[in-house]
file input.pdb (PDB, C-alpha atoms, pLDDT in the B column)
ATOM      1  CA  MET A  10      17.352  15.998  -1.888  1.00 42.00           C
ATOM      2  CA  LYS A  11      15.042  15.115   0.953  1.00 51.00           C
ATOM      3  CA  GLU A  12      15.744  11.689   2.359  1.00 54.00           C
ATOM      4  CA  LYS A  13      12.857   9.235   2.424  1.00 65.00           C
ATOM      5  CA  THR A  14      11.812   8.230   5.931  1.00 65.00           C
ATOM      6  CA  GLU A  15       9.608   5.401   7.156  1.00 67.00           C
ATOM      7  CA  LEU A  16       7.582   4.345  10.136  1.00 66.00           C
ATOM      8  CA  ASN A  17       9.613   3.138  13.050  1.00 60.00           C
ATOM      9  CA  LYS A  18       8.852  -0.006  15.063  1.00 57.00           C
ATOM     10  CA  SER A  19       7.105   1.622  18.014  1.00 67.00           C
ATOM     11  CA  ALA A  20       4.416  -0.241  19.928  1.00 64.00           C
ATOM     12  CA  SER A  21       1.607   1.769  18.313  1.00 71.00           C
ATOM     13  CA  ASN A  22       2.894   1.018  14.846  1.00 86.00           C
ATOM     14  CA  LYS A  23       3.206  -2.661  15.695  1.00 88.00           C
ATOM     15  CA  VAL A  24      -0.476  -2.613  16.605  1.00 91.00           C
ATOM     16  CA  LEU A  25      -1.178  -1.199  13.152  1.00 92.00           C
ATOM     17  CA  GLY A  26       0.924  -3.984  11.661  1.00 94.00           C
ATOM     18  CA  VAL A  27      -1.093  -6.622  13.490  1.00 95.00           C
ATOM     19  CA  ILE A  28      -4.350  -5.011  12.376  1.00 96.00           C
ATOM     20  CA  LEU A  29      -3.227  -5.022   8.747  1.00 97.00           C
ATOM     21  CA  LEU A  30      -2.178  -8.662   8.974  1.00 97.00           C
ATOM     22  CA  THR A  31      -5.533  -9.542  10.535  1.00 97.00           C
ATOM     23  CA  PHE A  32      -7.502  -7.943   7.705  1.00 97.00           C
ATOM     24  CA  ALA A  33      -5.229  -9.572   5.122  1.00 97.00           C
ATOM     25  CA  VAL A  34      -5.449 -13.084   6.554  1.00 97.00           C
ATOM     26  CA  PHE A  35      -9.189 -12.792   7.142  1.00 97.00           C
ATOM     27  CA  GLY A  36      -9.635 -11.570   3.570  1.00 96.00           C
ATOM     28  CA  PHE A  37      -7.716 -14.547   2.191  1.00 97.00           C
ATOM     29  CA  LEU A  38      -9.847 -16.890   4.302  1.00 96.00           C
ATOM     30  CA  VAL A  39     -13.036 -15.274   2.994  1.00 95.00           C
ATOM     31  CA  PHE A  40     -11.769 -15.752  -0.556  1.00 96.00           C
ATOM     32  CA  ILE A  41     -10.861 -19.397   0.057  1.00 96.00           C
ATOM     33  CA  HIS A  42     -14.226 -20.038   1.722  1.00 95.00           C
ATOM     34  CA  ARG A  43     -16.019 -18.677  -1.345  1.00 93.00           C
ATOM     35  CA  LEU A  44     -14.121 -21.080  -3.614  1.00 93.00           C
ATOM     36  CA  CYS A  45     -14.505 -24.119  -1.355  1.00 93.00           C
ATOM     37  CA  TYR A  46     -18.178 -23.681  -0.561  1.00 92.00           C
ATOM     38  CA  TYR A  47     -19.449 -22.361  -3.870  1.00 91.00           C
ATOM     39  CA  ASN A  48     -23.134 -23.105  -4.374  1.00 89.00           C
ATOM     40  CA  PHE A  49     -24.932 -21.910  -7.497  1.00 90.00           C
ATOM     41  CA  GLU A  50     -28.557 -20.890  -7.112  1.00 89.00           C
ATOM     42  CA  TYR A  51     -30.515 -20.082 -10.234  1.00 89.00           C
ATOM     43  CA  ASP A  52     -31.751 -16.510 -10.319  1.00 89.00           C
ATOM     44  CA  PRO A  53     -33.381 -15.339 -13.582  1.00 87.00           C
ATOM     45  CA  GLU A  54     -32.419 -11.702 -12.934  1.00 84.00           C
ATOM     46  CA  TYR A  55     -28.934 -11.831 -11.390  1.00 85.00           C
ATOM     47  CA  SER A  56     -27.600 -15.379 -11.890  1.00 88.00           C
ATOM     48  CA  PRO A  57     -29.340 -17.115 -14.809  1.00 91.00           C
ATOM     49  CA  VAL A  58     -26.267 -19.164 -15.768  1.00 93.00           C
ATOM     50  CA  ASP A  59     -23.754 -21.088 -13.675  1.00 94.00           C
ATOM     51  CA  TYR A  60     -20.333 -19.940 -14.865  1.00 94.00           C
ATOM     52  CA  GLY A  61     -18.471 -21.965 -12.225  1.00 93.00           C
ATOM     53  CA  LYS A  62     -16.833 -21.095  -8.947  1.00 93.00           C
ATOM     54  CA  TYR A  63     -13.644 -19.712 -10.510  1.00 94.00           C
ATOM     55  CA  ASN A  64     -15.596 -17.040 -12.343  1.00 95.00           C
ATOM     56  CA  ILE A  65     -15.349 -15.012  -9.144  1.00 94.00           C
ATOM     57  CA  LEU A  66     -11.896 -14.026 -10.423  1.00 95.00           C
ATOM     58  CA  SER A  67     -13.585 -12.083 -13.220  1.00 96.00           C
ATOM     59  CA  TYR A  68     -14.891  -9.366 -10.922  1.00 96.00           C
ATOM     60  CA  PHE A  69     -13.039  -6.107 -10.464  1.00 97.00           C
ATOM     61  CA  THR A  70     -14.175  -6.072  -6.833  1.00 96.00           C
ATOM     62  CA  VAL A  71     -12.611  -9.430  -6.069  1.00 97.00           C
ATOM     63  CA  GLN A  72      -9.384  -8.573  -7.864  1.00 97.00           C
ATOM     64  CA  SER A  73      -9.045  -5.187  -6.158  1.00 97.00           C
ATOM     65  CA  ASN A  74      -9.761  -6.729  -2.759  1.00 97.00           C
ATOM     66  CA  PHE A  75      -7.208  -9.476  -3.388  1.00 97.00           C
ATOM     67  CA  PHE A  76      -4.596  -6.854  -4.277  1.00 97.00           C
ATOM     68  CA  CYS A  77      -5.513  -5.032  -1.074  1.00 97.00           C
ATOM     69  CA  TYR A  78      -4.990  -8.181   1.009  1.00 98.00           C
ATOM     70  CA  ILE A  79      -1.511  -8.594  -0.473  1.00 97.00           C
ATOM     71  CA  TYR A  80      -0.753  -4.929   0.164  1.00 98.00           C
ATOM     72  CA  PHE A  81      -1.946  -5.158   3.775  1.00 98.00           C
ATOM     73  CA  LEU A  82       0.043  -8.365   4.261  1.00 97.00           C
ATOM     74  CA  LEU A  83       3.292  -6.852   3.001  1.00 97.00           C
ATOM     75  CA  ALA A  84       2.771  -3.539   4.803  1.00 96.00           C
ATOM     76  CA  GLY A  85       1.915  -5.338   8.042  1.00 96.00           C
ATOM     77  CA  LEU A  86       4.983  -7.556   7.811  1.00 96.00           C
ATOM     78  CA  GLY A  87       7.087  -4.511   6.984  1.00 95.00           C
ATOM     79  CA  ILE A  88       5.871  -2.667  10.057  1.00 94.00           C
ATOM     80  CA  LEU A  89       6.747  -5.690  12.179  1.00 93.00           C
ATOM     81  CA  GLY A  90      10.290  -5.717  10.829  1.00 90.00           C
ATOM     82  CA  ALA A  91      10.389  -7.773   7.621  1.00 92.00           C
ATOM     83  CA  GLU A  92      12.709  -5.690   5.464  1.00 91.00           C
ATOM     84  CA  LYS A  93      11.918  -7.401   2.139  1.00 93.00           C
ATOM     85  CA  ALA A  94       8.180  -6.981   2.695  1.00 95.00           C
ATOM     86  CA  ARG A  95       8.738  -3.350   3.659  1.00 94.00           C
ATOM     87  CA  LYS A  96      10.313  -2.517   0.299  1.00 93.00           C
ATOM     88  CA  ILE A  97       7.055  -3.415  -1.440  1.00 95.00           C
ATOM     89  CA  GLY A  98       4.450  -2.802   1.247  1.00 95.00           C
ATOM     90  CA  PHE A  99       5.716   0.712   2.001  1.00 96.00           C
ATOM     91  CA  ASN A 100       5.710   1.764  -1.657  1.00 96.00           C
ATOM     92  CA  PRO A 101       3.268   4.706  -1.778  1.00 97.00           C
ATOM     93  CA  VAL A 102       2.530   4.198  -5.486  1.00 97.00           C
ATOM     94  CA  LEU A 103       1.341   0.647  -4.789  1.00 97.00           C
ATOM     95  CA  GLY A 104      -0.640   1.881  -1.807  1.00 97.00           C
ATOM     96  CA  ALA A 105      -2.294   4.646  -3.815  1.00 98.00           C
ATOM     97  CA  LEU A 106      -3.387   2.322  -6.619  1.00 98.00           C
ATOM     98  CA  VAL A 107      -4.670  -0.421  -4.328  1.00 97.00           C
ATOM     99  CA  THR A 108      -6.554   2.077  -2.176  1.00 98.00           C
ATOM    100  CA  LEU A 109      -8.067   3.715  -5.248  1.00 98.00           C
ATOM    101  CA  TYR A 110      -9.273   0.478  -6.826  1.00 98.00           C
ATOM    102  CA  VAL A 111     -10.885  -0.964  -3.724  1.00 98.00           C
ATOM    103  CA  ILE A 112     -12.624   2.345  -2.951  1.00 97.00           C
ATOM    104  CA  ILE A 113     -13.981   2.638  -6.512  1.00 96.00           C
ATOM    105  CA  ALA A 114     -15.268  -0.942  -6.292  1.00 96.00           C
ATOM    106  CA  GLY A 115     -17.050  -0.163  -3.049  1.00 95.00           C
ATOM    107  CA  ILE A 116     -18.592   3.083  -4.290  1.00 94.00           C
ATOM    108  CA  THR A 117     -19.785   1.503  -7.552  1.00 92.00           C
ATOM    109  CA  TYR A 118     -21.437  -1.400  -5.753  1.00 92.00           C
ATOM    110  CA  THR A 119     -23.166   0.656  -3.087  1.00 90.00           C
ATOM    111  CA  ALA A 120     -24.363   3.148  -5.707  1.00 88.00           C
ATOM    112  CA  GLY A 121     -25.994   0.257  -7.562  1.00 85.00           C
ATOM    113  CA  ILE A 122     -27.998  -0.908  -4.549  1.00 83.00           C
ATOM    114  CA  PRO A 123     -30.725   1.793  -4.646  1.00 81.00           C
ATOM    115  CA  MET A 124     -30.911   1.404  -8.431  1.00 79.00           C
ATOM    116  CA  GLY A 125     -31.638  -2.316  -8.108  1.00 79.00           C
ATOM    117  CA  MET A 126     -28.528  -3.297 -10.054  1.00 78.00           C
ATOM    118  CA  THR A 127     -27.063  -5.516  -7.316  1.00 85.00           C
ATOM    119  CA  PRO A 128     -28.543  -8.699  -5.832  1.00 86.00           C
ATOM    120  CA  PRO A 129     -30.362  -8.115  -2.531  1.00 86.00           C
ATOM    121  CA  PHE A 130     -28.760  -9.352   0.671  1.00 90.00           C
ATOM    122  CA  LYS A 131     -30.263 -12.541   2.097  1.00 91.00           C
ATOM    123  CA  TRP A 132     -29.786 -13.635   5.701  1.00 94.00           C
ATOM    124  CA  ASP A 133     -32.310 -16.503   5.911  1.00 91.00           C
ATOM    125  CA  THR A 134     -29.837 -19.418   5.777  1.00 92.00           C
ATOM    126  CA  PRO A 135     -26.179 -19.891   6.812  1.00 92.00           C
ATOM    127  CA  ALA A 136     -25.136 -20.081   3.142  1.00 90.00           C
ATOM    128  CA  HIS A 137     -27.042 -16.930   2.228  1.00 93.00           C
ATOM    129  CA  SER A 138     -25.777 -15.127   5.317  1.00 94.00           C
ATOM    130  CA  MET A 139     -22.164 -15.964   4.493  1.00 94.00           C
ATOM    131  CA  SER A 140     -22.641 -14.889   0.877  1.00 93.00           C
ATOM    132  CA  SER A 141     -24.183 -11.595   1.974  1.00 94.00           C
ATOM    133  CA  PHE A 142     -21.432 -11.035   4.532  1.00 95.00           C
ATOM    134  CA  ILE A 143     -18.796 -11.554   1.830  1.00 94.00           C
ATOM    135  CA  GLN A 144     -20.447  -8.859  -0.271  1.00 94.00           C
ATOM    136  CA  VAL A 145     -20.505  -6.519   2.727  1.00 95.00           C
ATOM    137  CA  TYR A 146     -16.861  -7.293   3.507  1.00 96.00           C
ATOM    138  CA  TYR A 147     -15.738  -6.686  -0.086  1.00 96.00           C
ATOM    139  CA  HIS A 148     -17.736  -3.515  -0.685  1.00 95.00           C
ATOM    140  CA  MET A 149     -18.505  -1.884   2.650  1.00 95.00           C
ATOM    141  CA  ILE A 150     -15.731  -2.886   5.052  1.00 96.00           C
ATOM    142  CA  MET A 151     -12.516  -3.093   3.046  1.00 97.00           C
ATOM    143  CA  PRO A 152     -12.919   0.230   1.151  1.00 97.00           C
ATOM    144  CA  PRO A 153     -13.261   2.440   4.264  1.00 96.00           C
ATOM    145  CA  VAL A 154     -10.564   0.448   6.063  1.00 97.00           C
ATOM    146  CA  ALA A 155      -8.193   0.950   3.120  1.00 97.00           C
ATOM    147  CA  PHE A 156      -8.914   4.675   3.116  1.00 97.00           C
ATOM    148  CA  ILE A 157      -8.349   4.987   6.856  1.00 96.00           C
ATOM    149  CA  VAL A 158      -5.004   3.186   6.500  1.00 96.00           C
ATOM    150  CA  TRP A 159      -4.124   5.582   3.677  1.00 96.00           C
ATOM    151  CA  LEU A 160      -4.496   8.478   6.113  1.00 94.00           C
ATOM    152  CA  PHE A 161      -1.426   7.187   8.009  1.00 92.00           C
ATOM    153  CA  PRO A 162       1.473   7.206   5.499  1.00 93.00           C
ATOM    154  CA  PHE A 163       4.172   4.572   5.855  1.00 92.00           C
ATOM    155  CA  THR A 164       6.804   6.894   4.365  1.00 91.00           C
ATOM    156  CA  ASN A 165       7.209  10.603   3.660  1.00 91.00           C
ATOM    157  CA  GLU A 166       7.879   9.895  -0.027  1.00 93.00           C
ATOM    158  CA  LYS A 167       5.862  12.325  -2.123  1.00 95.00           C
ATOM    159  CA  LEU A 168       3.680  11.061  -4.952  1.00 96.00           C
ATOM    160  CA  THR A 169       3.751  12.674  -8.403  1.00 95.00           C
ATOM    161  CA  LYS A 170       1.445  12.981 -11.408  1.00 94.00           C
ATOM    162  CA  LYS A 171       2.938   9.759 -12.741  1.00 96.00           C
ATOM    163  CA  THR A 172       0.871   7.834 -10.207  1.00 97.00           C
ATOM    164  CA  VAL A 173      -2.299   9.453 -11.567  1.00 97.00           C
ATOM    165  CA  LEU A 174      -1.384   8.384 -15.108  1.00 96.00           C
ATOM    166  CA  LEU A 175      -0.584   4.843 -13.973  1.00 97.00           C
ATOM    167  CA  SER A 176      -3.967   4.527 -12.257  1.00 97.00           C
ATOM    168  CA  GLY A 177      -5.794   4.269 -15.565  1.00 97.00           C
ATOM    169  CA  ILE A 178      -3.844   1.304 -16.953  1.00 97.00           C
ATOM    170  CA  TYR A 179      -5.343  -1.524 -14.909  1.00 98.00           C
ATOM    171  CA  PRO A 180      -9.035  -0.517 -15.274  1.00 97.00           C
ATOM    172  CA  PHE A 181      -8.493   0.079 -19.005  1.00 98.00           C
ATOM    173  CA  VAL A 182      -6.925  -3.354 -19.573  1.00 98.00           C
ATOM    174  CA  TYR A 183      -9.549  -4.993 -17.356  1.00 98.00           C
ATOM    175  CA  SER A 184     -12.377  -3.290 -19.260  1.00 97.00           C
ATOM    176  CA  VAL A 185     -11.059  -4.105 -22.733  1.00 97.00           C
ATOM    177  CA  PHE A 186     -10.506  -7.738 -21.737  1.00 97.00           C
ATOM    178  CA  SER A 187     -14.017  -7.987 -20.248  1.00 97.00           C
ATOM    179  CA  ILE A 188     -15.625  -6.504 -23.378  1.00 97.00           C
ATOM    180  CA  ILE A 189     -13.723  -8.792 -25.741  1.00 96.00           C
ATOM    181  CA  ARG A 190     -14.291 -11.840 -23.566  1.00 96.00           C
ATOM    182  CA  GLY A 191     -18.010 -11.120 -23.405  1.00 95.00           C
ATOM    183  CA  ALA A 192     -18.264 -10.721 -27.165  1.00 94.00           C
ATOM    184  CA  PHE A 193     -16.717 -14.138 -27.838  1.00 94.00           C
ATOM    185  CA  SER A 194     -17.752 -16.184 -24.802  1.00 92.00           C
ATOM    186  CA  ASP A 195     -20.406 -18.886 -24.988  1.00 90.00           C
ATOM    187  CA  PRO A 196     -22.556 -18.575 -22.986  1.00 91.00           C
ATOM    188  CA  VAL A 197     -22.232 -14.809 -23.116  1.00 92.00           C
ATOM    189  CA  TYR A 198     -20.722 -13.366 -19.957  1.00 94.00           C
ATOM    190  CA  TYR A 199     -20.006  -9.807 -18.878  1.00 95.00           C
ATOM    191  CA  PRO A 200     -18.950  -9.204 -15.256  1.00 94.00           C
ATOM    192  CA  TYR A 201     -20.822  -5.875 -15.280  1.00 93.00           C
ATOM    193  CA  PRO A 202     -23.784  -4.760 -17.431  1.00 91.00           C
ATOM    194  CA  PHE A 203     -22.116  -1.581 -18.669  1.00 93.00           C
ATOM    195  CA  TYR A 204     -19.739  -3.757 -20.726  1.00 96.00           C
ATOM    196  CA  ASN A 205     -22.662  -5.452 -22.482  1.00 95.00           C
ATOM    197  CA  PRO A 206     -23.706  -3.778 -25.765  1.00 96.00           C
ATOM    198  CA  GLU A 207     -27.177  -5.311 -25.571  1.00 94.00           C
ATOM    199  CA  PHE A 208     -27.747  -3.797 -22.140  1.00 94.00           C
ATOM    200  CA  ILE A 209     -26.431  -0.404 -23.237  1.00 95.00           C
ATOM    201  CA  GLY A 210     -28.535  -0.480 -26.390  1.00 94.00           C
ATOM    202  CA  SER A 211     -31.688  -1.343 -24.448  1.00 93.00           C
ATOM    203  CA  LEU A 212     -31.350   1.836 -22.388  1.00 91.00           C
ATOM    204  CA  PHE A 213     -32.272   3.963 -25.384  1.00 91.00           C
ATOM    205  CA  LYS A 214     -36.008   4.326 -25.998  1.00 86.00           C
ATOM    206  CA  PRO A 215     -38.124   3.846 -27.957  1.00 87.00           C
ATOM    207  CA  GLU A 216     -35.655   2.372 -30.451  1.00 89.00           C
ATOM    208  CA  PRO A 217     -32.705   0.384 -29.023  1.00 90.00           C
ATOM    209  CA  LEU A 218     -29.276   1.174 -30.411  1.00 93.00           C
ATOM    210  CA  SER A 219     -27.574  -1.093 -32.901  1.00 94.00           C
ATOM    211  CA  LYS A 220     -24.665  -3.142 -31.650  1.00 93.00           C
ATOM    212  CA  GLY A 221     -22.154  -0.874 -33.380  1.00 95.00           C
ATOM    213  CA  ALA A 222     -23.669   2.232 -31.828  1.00 96.00           C
ATOM    214  CA  SER A 223     -23.763   0.502 -28.441  1.00 96.00           C
ATOM    215  CA  TYR A 224     -20.044  -0.234 -28.656  1.00 97.00           C
ATOM    216  CA  ALA A 225     -19.464   3.426 -29.494  1.00 97.00           C
ATOM    217  CA  VAL A 226     -21.349   4.408 -26.345  1.00 96.00           C
ATOM    218  CA  ILE A 227     -19.327   1.883 -24.347  1.00 97.00           C
ATOM    219  CA  GLY A 228     -16.157   3.464 -25.730  1.00 97.00           C
ATOM    220  CA  VAL A 229     -17.273   6.894 -24.564  1.00 97.00           C
ATOM    221  CA  LEU A 230     -18.211   5.481 -21.153  1.00 96.00           C
ATOM    222  CA  LEU A 231     -14.823   3.783 -20.932  1.00 97.00           C
ATOM    223  CA  ILE A 232     -12.992   7.047 -21.616  1.00 97.00           C
ATOM    224  CA  PHE A 233     -15.151   8.787 -19.026  1.00 97.00           C
ATOM    225  CA  GLY A 234     -14.584   5.968 -16.538  1.00 96.00           C
ATOM    226  CA  ILE A 235     -10.802   6.026 -16.936  1.00 97.00           C
ATOM    227  CA  GLY A 236     -10.902   9.790 -16.475  1.00 97.00           C
ATOM    228  CA  LEU A 237     -12.913   9.272 -13.294  1.00 96.00           C
ATOM    229  CA  PHE A 238     -10.329   6.779 -12.009  1.00 97.00           C
ATOM    230  CA  MET A 239      -7.555   9.268 -12.652  1.00 98.00           C
ATOM    231  CA  ALA A 240      -9.477  12.118 -11.031  1.00 97.00           C
ATOM    232  CA  CYS A 241     -10.084  10.005  -7.921  1.00 97.00           C
ATOM    233  CA  CYS A 242      -6.433   8.977  -7.918  1.00 98.00           C
ATOM    234  CA  ALA A 243      -5.460  12.658  -7.962  1.00 98.00           C
ATOM    235  CA  LEU A 244      -7.475  13.076  -4.756  1.00 97.00           C
ATOM    236  CA  ILE A 245      -5.790  10.000  -3.235  1.00 97.00           C
ATOM    237  CA  VAL A 246      -2.392  11.454  -4.129  1.00 97.00           C
ATOM    238  CA  LEU A 247      -3.367  14.833  -2.681  1.00 96.00           C
ATOM    239  CA  VAL A 248      -4.407  13.237   0.607  1.00 96.00           C
ATOM    240  CA  HIS A 249      -1.092  11.398   0.851  1.00 96.00           C
ATOM    241  CA  ASN A 250       1.028  14.448   0.062  1.00 95.00           C
ATOM    242  CA  LYS A 251      -0.867  16.505   2.620  1.00 94.00           C
ATOM    243  CA  ARG A 252      -0.593  13.808   5.262  1.00 92.00           C
ATOM    244  CA  ILE A 253       3.155  13.190   4.905  1.00 89.00           C
ATOM    245  CA  LYS A 254       3.747  16.703   6.155  1.00 76.00           C
ATOM    246  CA  LYS A 255       2.145  15.661   9.432  1.00 67.00           C
ATOM    247  CA  ILE A 256       4.206  12.523  10.134  1.00 60.00           C
ATOM    248  CA  PRO A 257       5.438  12.934  13.726  1.00 53.00           C
ATOM    249  CA  GLU A 258       9.164  13.414  14.139  1.00 46.00           C
ATOM    250  CA  GLU A 259       9.421  10.280  16.266  1.00 43.00           C
ATOM    251  CA  GLN A 260       8.333   8.262  13.218  1.00 47.00           C
ATOM    252  CA  LYS A 261      11.139   9.635  11.077  1.00 43.00           C
TER     253      LYS A 261
END
call {"tool": "encode", "arguments": {"input": "input.pdb", "output": "structure tokens"}}
result
Amino acid sequence: MKEKTELNKSASNKVLGVILLTFAVFGFLVFIHRLCYYNFEYDPEYSPVDYGKYNILSYFTVQSNFFCYIYFLLAGLGILGAEKARKIGFNPVLGALVTLYVIIAGITYTAGIPMGMTPPFKWDTPAHSMSSFIQVYYHMIMPPVAFIVWLFPFTNEKLTKKTVLLSGIYPFVYSVFSIIRGAFSDPVYYPYPFYNPEFIGSLFKPEPLSKGASYAVIGVLLIFGIGLFMACCALIVLVHNKRIKKIPEEQK
């Protein structure tokens, strides 16, 4: 049985560790800033109701980014010699899932920009500029950074199909919770419009779908979405398994 090997503590790898810690700490600070300096501004299209500053935790983007900060923190500490952090941070299954989720969040958001489904960036005031920067950091900086990090495996441990199957659990649970929460919340709240039966029903012209039919469509979309997550995870796994063959001998 092939023995699992890990990155050594060379100077170049220590630089990587510092970089990971920097992104992690900065990400935590961005998150804390958002909670401490929350300022609701009424927007009839994107923010008609103030759900409170802690509602930020409802977003898949924020959750996936937060998981990524923890992953970067543990991996960075592991590279710098913290053995307990290494056991978690160097786990390729954890790395695959975190990388997948943050990339999907980034792709979904950026795809919604040309369709007018995301609020426009505003840079006219310090508060607006910081809010816009946070959106850029979550959706356009962290996803490519996570993917680049994924190209440099921490171990030569091969990933299996089990990782692909596991990748669908979190988005499924998140989606079901969001749908149920939206159906019973007052005021009504869905973190994303594709969970909202009224929004889905309104897409059908000239006669909108009934609520029951809309939920059926949401169910089909959910199955498709989970399949998409798993397909993307298969690509993430493939990249890792191809890359581990190229780990230099001095890192083993």
call {"tool": "closest_residue", "arguments": {"input": "input.pdb", "among": "A:Phe81, A:Tyr68, A:Trp159, A:Tyr60", "to": "A:Thr108", "atoms": "all atoms listed in the file"}}
result
A:Trp159
call {"tool": "residues_around", "arguments": {"input": "input.pdb", "residues": "stretch 143-146 of chain A", "least_positions_apart": "5", "cutoff": "12 Å", "atoms": "all atoms listed in the file", "output": "compact mmCIF listing (two decimals) with C-alpha atoms, keeping the file's coordinate frame"}}
result
# COMPACT_ATOMS: atom_id res chain seq x y z
CA PHE A 32 -7.50 -7.94 7.70
CA ALA A 33 -5.23 -9.57 5.12
CA PHE A 35 -9.19 -12.79 7.14
CA GLY A 36 -9.64 -11.57 3.57
CA PHE A 37 -7.72 -14.55 2.19
CA LEU A 38 -9.85 -16.89 4.30
CA VAL A 39 -13.04 -15.27 2.99
CA PHE A 40 -11.77 -15.75 -0.56
CA ILE A 41 -10.86 -19.40 0.06
CA HIS A 42 -14.23 -20.04 1.72
CA ARG A 43 -16.02 -18.68 -1.34
CA LEU A 44 -14.12 -21.08 -3.61
CA ILE A 65 -15.35 -15.01 -9.14
CA THR A 70 -14.18 -6.07 -6.83
CA VAL A 71 -12.61 -9.43 -6.07
CA ASN A 74 -9.76 -6.73 -2.76
CA VAL A 111 -10.88 -0.96 -3.72
CA ALA A 114 -15.27 -0.94 -6.29
CA GLY A 115 -17.05 -0.16 -3.05
CA TYR A 118 -21.44 -1.40 -5.75
CA THR A 119 -23.17 0.66 -3.09
CA ILE A 122 -28.00 -0.91 -4.55
CA THR A 127 -27.06 -5.52 -7.32
CA PRO A 128 -28.54 -8.70 -5.83
CA PRO A 129 -30.36 -8.12 -2.53
CA PHE A 130 -28.76 -9.35 0.67
CA LYS A 131 -30.26 -12.54 2.10
CA TRP A 132 -29.79 -13.64 5.70
CA ALA A 136 -25.14 -20.08 3.14
CA HIS A 137 -27.04 -16.93 2.23
CA SER A 138 -25.78 -15.13 5.32
CA MET A 151 -12.52 -3.09 3.05
CA PRO A 152 -12.92 0.23 1.15
CA PRO A 153 -13.26 2.44 4.26
CA VAL A 154 -10.56 0.45 6.06
CA ALA A 155 -8.19 0.95 3.12
call {"tool": "closest_residue", "arguments": {"input": "input.pdb", "among": "A:Ile97, A:Glu54, A:Lys171, A:Pro180", "to": "A:Ser73", "atoms": "all atoms listed in the file"}}
result
A:Pro180
call {"tool": "closest_residue", "arguments": {"input": "input.pdb", "among": "A:Pro206, A:Pro101, A:Pro200, A:Gly177", "to": "A:Ile235", "atoms": "all atoms listed in the file"}}
result
A:Gly177
call {"tool": "closest_residue", "arguments": {"input": "input.pdb", "among": "A:Val226, A:Ile28, A:Thr172, A:Ala120", "to": "A:Leu106", "atoms": "all atoms listed in the file"}}
result
A:Thr172
call {"tool": "closest_residue", "arguments": {"input": "input.pdb", "among": "A:Val34, A:Ile188, A:Met126, A:Ala105", "to": "A:Leu83", "atoms": "all atoms listed in the file"}}
result
A:Val34
call {"tool": "resolve_selection", "arguments": {"input": "input.pdb", "expression": "the PyMOL selection byres ((chain A and resi 88-94) around 12)", "output": "NGL selection string"}}
result
:A and (15-30 or 79-87 or 95-100 or 162-164 or 260)
call {"tool": "atom_distance", "arguments": {"input": "input.pdb", "atom1": "atom CA of A:Gln72", "atom2": "atom CA of A:Phe203"}}
result
18.1 Å
call {"tool": "atom_distance", "arguments": {"input": "input.pdb", "atom1": "atom CA of A:Ser211", "atom2": "atom CA of A:Phe186"}}
result
22.3 Å
call {"tool": "closest_residue", "arguments": {"input": "input.pdb", "among": "A:Gly125, A:Val197, A:Tyr110, A:Phe161", "to": "A:Asp59", "atoms": "all atoms listed in the file"}}
result
A:Val197
call {"tool": "decode", "arguments": {"input": "input.pdb", "residues": "stretch 71-85 of chain A", "atoms": "C-alpha atoms", "output": "short mmCIF file (atom, residue, chain, number, x, y, z; two decimals), in the first residue's frame"}}
result
data_model
loop_
_atom_site.label_atom_id
_atom_site.label_comp_id
_atom_site.auth_asym_id
_atom_site.auth_seq_id
_atom_site.Cartn_x
_atom_site.Cartn_y
_atom_site.Cartn_z
CA VAL A 71 -20.75 33.49 3.14
CA GLN A 72 -20.84 29.98 4.58
CA SER A 73 -18.59 28.55 1.87
CA ASN A 74 -16.13 31.42 2.26
CA PHE A 75 -16.10 30.96 6.04
CA PHE A 76 -15.33 27.26 5.59
CA CYS A 77 -12.55 28.25 3.21
CA TYR A 78 -11.02 30.61 5.78
CA ILE A 79 -10.95 27.80 8.34
CA TYR A 80 -9.43 25.45 5.78
CA PHE A 81 -6.76 27.99 4.83
CA LEU A 82 -6.05 28.67 8.50
CA LEU A 83 -5.54 25.01 9.36
CA ALA A 84 -3.58 24.25 6.19
CA GLY A 85 -1.36 27.30 6.73
#
